[in-house]
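As structure tokens, the structure follows; a few thoughts come after it.
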Amino acid sequence: MEVILLERISRLGQMGETVKVKDGFARNFLLPQGKALRANEANKKKFEGQRAQLEARNLERKSEASKIAETLDGKSFIVVRSAGETGQLYGSVSTRDIAELLTAEGFTISRNQIELNQPIKTIGLSNVAIALHPEVEVTVTLNVARSSDEAERQAKGETLTTAEAIYGEDINDNARPENFFDPNAEFEGSEENA
């Protein structure tokens with residue numbers, strides 16, 4: 001199906017372009033969301049009549065997104081989750097979790113604006129891209145940790161995926177072999193066998 005784009009859509013085209021898309025994409029997303037019109041003569045005339053309004057609306061949205069981008073770009077957010085000693089999360093951090101976190105911090109972001117190829121499943125620092133507008137994109141850092149103390153340590157550059165890093169260097173002192181037996185002691189049964 002050929003459609004006329006009413007706004008810039010990434011990987012598809014600019015406002016005013018006539019592009020060929022799959023029927024389902026047009027019927028289920030572009031047309032109901034008001035992002036495109038069917039490409040026919042009546043709609044082409046309608047678009048040309050509304051072009052100035054559409055461009056003004058696009059500029060307004062872009063300037064609003066730019067203001068939000070100035071405050072959001074480069075920010076770091078802490079996400080506290082349960083995880084094993086190897087750093088593997090019990091669950092994951094998805095786009096829904098990130099959207100809820102940003103909304104709690106006072107930003108109005110929907111989960112479809114967050115560009116995350118796959119959910120975050122390990123502790124550590126992760127950069128996440130957020131498309132505030134088709135022409136405005138920012139990157140935020142998610143600090144996924146087991147506690148806020150660990151998040152601070154990770155922010156300083158520590159890697160917390162080993163037991164020593166989590167609990168301290170002396171974690172295994174009690175498990176050393178010399179604490180269980182005396183290496184100088186003789187075996188009691190050795191005299192009977194001789």
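Chain labels A, B, ... are given in the sequence in which chains occur in the structure tokens; within each chain residues are numbered consecutively from 1, and ligands are likewise numbered from 1 in the order shown.
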Skipping near chain neighbours, those fewer than 2 positions away, what residues fall within 12 Å of Leu59 (chain A) using only C-alpha atoms, listed as a list in words?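 So, after excluding close chain neighbours, the residues are Glu7, Arg8, Met15, Ala52, Gln53, Leu54, Glu55, Ala56, Arg57, Arg61, Lys62, Ser63, Glu64, Ala65, Ser66, His133, Pro134, Glu135 and Val136 of chain A.
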For Thr139 (chain A), find every residue with an atom within 10 Å (counting only C-alpha atoms), except residues of its own chain fewer than 5 positions away, and show them as number ranges by chain. A: 69, 72-76, 114-115, 126-131
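Each of A:Gln154, A:Asn40, A:Ser92, A:Asn28 was checked against Thr141 (chain A) using only C-alpha atoms; the smallest atom-to-atom distance is that of A:Gln154.
Within the 8 Å cut-off around Glu2 (chain A), using only C-alpha atoms and omitting residues fewer than 6 positions from it on the same chain, the listed residues are A:Thr18, A:Val19, A:Lys20, A:Val21, A:Arg38, A:Ala39.
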Atomic distance CA of Ala36 (chain A) - CA of Phe107 (chain A), expressed in Å with one decimal: 27.4 Å
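Distance annotation: of A:Val138, A:Ile9, A:Gly87, A:Ala151, the residue with the minimal separation from Phe29 (chain A) is A:Ile9; atom set is only C-alpha atoms.
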Looking only at the backbone, which of the residues in region 21-171 of chain A does DSSP tag as strand (DSSP E or B), as an MDAnalysis selection string? chainID A and resid 36:38 76:80 83 88:93 114:115 120:122 124:133 136:145
Can those selected residues be exported to a file as a CSV table (one decimal), in the first residue's frame so that it contains N, CA and C atoms?
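Written file, selection-v6.csv:
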```csv
chain,number,residue,atom,x,y,z
A,36,ALA,N,0.1,8.8,8.7
A,36,ALA,CA,0.1,8.7,7.3
A,36,ALA,C,-1.3,8.8,6.7
A,37,LEU,N,-1.4,9.1,5.4
A,37,LEU,CA,-2.7,9.0,4.7
A,37,LEU,C,-2.5,8.1,3.5
A,38,ARG,N,-3.6,7.5,3.1
A,38,ARG,CA,-3.5,6.6,1.9
A,38,ARG,C,-3.1,7.6,0.7
A,76,SER,N,22.0,9.4,34.8
A,76,SER,CA,22.1,8.0,35.2
A,76,SER,C,21.0,7.7,36.2
A,77,PHE,N,20.4,6.5,36.1
A,77,PHE,CA,19.3,6.1,36.9
A,77,PHE,C,19.7,4.8,37.6
A,78,ILE,N,19.4,4.6,38.8
A,78,ILE,CA,19.7,3.4,39.6
A,78,ILE,C,18.5,2.5,39.6
A,79,VAL,N,18.7,1.2,39.2
A,79,VAL,CA,17.6,0.2,39.2
A,79,VAL,C,18.1,-0.9,40.2
A,80,VAL,N,17.4,-1.1,41.3
A,80,VAL,CA,17.7,-2.2,42.3
A,80,VAL,C,16.9,-3.4,42.0
A,83,ALA,N,19.8,-10.4,42.4
A,83,ALA,CA,20.7,-11.0,41.4
A,83,ALA,C,21.5,-12.0,42.2
A,88,GLN,N,23.9,-12.3,37.5
A,88,GLN,CA,22.7,-12.6,36.7
A,88,GLN,C,21.5,-12.2,37.5
A,89,LEU,N,20.6,-11.4,36.8
A,89,LEU,CA,19.4,-11.0,37.5
A,89,LEU,C,18.4,-12.1,37.6
A,90,TYR,N,17.6,-12.1,38.7
A,90,TYR,CA,16.4,-13.0,38.8
A,90,TYR,C,15.3,-12.3,38.2
A,91,GLY,N,15.2,-12.4,36.9
A,91,GLY,CA,14.2,-11.6,36.1
A,91,GLY,C,15.0,-10.7,35.1
A,92,SER,N,14.5,-9.6,34.7
A,92,SER,CA,15.1,-8.7,33.8
A,92,SER,C,14.6,-7.3,34.0
A,93,VAL,N,15.3,-6.3,33.3
A,93,VAL,CA,14.8,-5.0,33.2
A,93,VAL,C,14.4,-4.7,31.8
A,114,ILE,N,11.5,3.8,24.1
A,114,ILE,CA,12.7,3.3,24.5
A,114,ILE,C,13.2,2.2,23.6
A,115,GLU,N,14.5,2.4,23.1
A,115,GLU,CA,15.0,1.5,22.1
A,115,GLU,C,16.0,0.6,22.8
A,120,ILE,N,17.6,-6.2,29.8
A,120,ILE,CA,18.8,-6.2,30.5
A,120,ILE,C,18.7,-7.4,31.6
A,121,LYS,N,19.7,-8.3,31.5
A,121,LYS,CA,19.6,-9.5,32.4
A,121,LYS,C,20.7,-9.6,33.4
A,122,THR,N,21.7,-8.7,33.4
A,122,THR,CA,22.8,-8.7,34.3
A,122,THR,C,23.0,-7.4,35.0
A,124,GLY,N,25.1,-4.1,36.3
A,124,GLY,CA,26.2,-3.4,35.6
A,124,GLY,C,25.6,-2.1,35.1
A,125,LEU,N,26.4,-1.3,34.3
A,125,LEU,CA,26.0,-0.1,33.7
A,125,LEU,C,25.6,-0.4,32.3
A,126,SER,N,24.4,0.1,31.9
A,126,SER,CA,23.9,-0.1,30.5
A,126,SER,C,23.4,1.2,29.9
A,127,ASN,N,23.8,1.5,28.7
A,127,ASN,CA,23.4,2.7,28.0
A,127,ASN,C,22.1,2.4,27.2
A,128,VAL,N,21.1,3.2,27.4
A,128,VAL,CA,19.8,3.0,26.7
A,128,VAL,C,19.4,4.2,25.9
A,129,ALA,N,19.1,4.0,24.6
A,129,ALA,CA,18.7,5.1,23.8
A,129,ALA,C,17.2,5.3,23.9
A,130,ILE,N,16.8,6.6,23.9
A,130,ILE,CA,15.4,7.0,24.0
A,130,ILE,C,15.1,8.0,22.9
A,131,ALA,N,14.1,7.6,22.1
A,131,ALA,CA,13.7,8.5,21.0
A,131,ALA,C,12.5,9.4,21.5
A,132,LEU,N,12.8,10.6,21.8
A,132,LEU,CA,11.8,11.6,22.2
A,132,LEU,C,11.0,12.1,21.1
A,133,HIS,N,11.6,12.1,19.9
A,133,HIS,CA,11.0,12.6,18.7
A,133,HIS,C,11.8,11.9,17.6
A,136,VAL,N,15.0,13.6,17.5
A,136,VAL,CA,15.7,13.9,18.8
A,136,VAL,C,15.8,12.6,19.6
A,137,GLU,N,17.1,12.2,19.8
A,137,GLU,CA,17.3,10.9,20.6
A,137,GLU,C,18.3,11.2,21.6
A,138,VAL,N,18.1,10.7,22.8
A,138,VAL,CA,19.1,10.8,23.9
A,138,VAL,C,19.5,9.5,24.5
A,139,THR,N,20.6,9.5,25.2
A,139,THR,CA,21.1,8.2,25.8
A,139,THR,C,21.1,8.4,27.3
A,140,VAL,N,20.6,7.5,28.1
A,140,VAL,CA,20.7,7.5,29.5
A,140,VAL,C,21.4,6.3,30.0
A,141,THR,N,22.0,6.3,31.2
A,141,THR,CA,22.7,5.2,31.7
A,141,THR,C,21.9,4.6,32.8
A,142,LEU,N,21.7,3.2,32.8
A,142,LEU,CA,21.0,2.5,33.8
A,142,LEU,C,22.0,1.8,34.6
A,143,ASN,N,22.0,2.0,35.9
A,143,ASN,CA,22.9,1.4,36.9
A,143,ASN,C,22.2,0.3,37.6
A,144,VAL,N,22.2,-1.0,37.1
A,144,VAL,CA,21.5,-2.1,37.6
A,144,VAL,C,22.3,-2.7,38.7
A,145,ALA,N,21.8,-2.8,39.9
A,145,ALA,CA,22.6,-3.3,41.1
A,145,ALA,C,21.7,-4.0,42.1
```
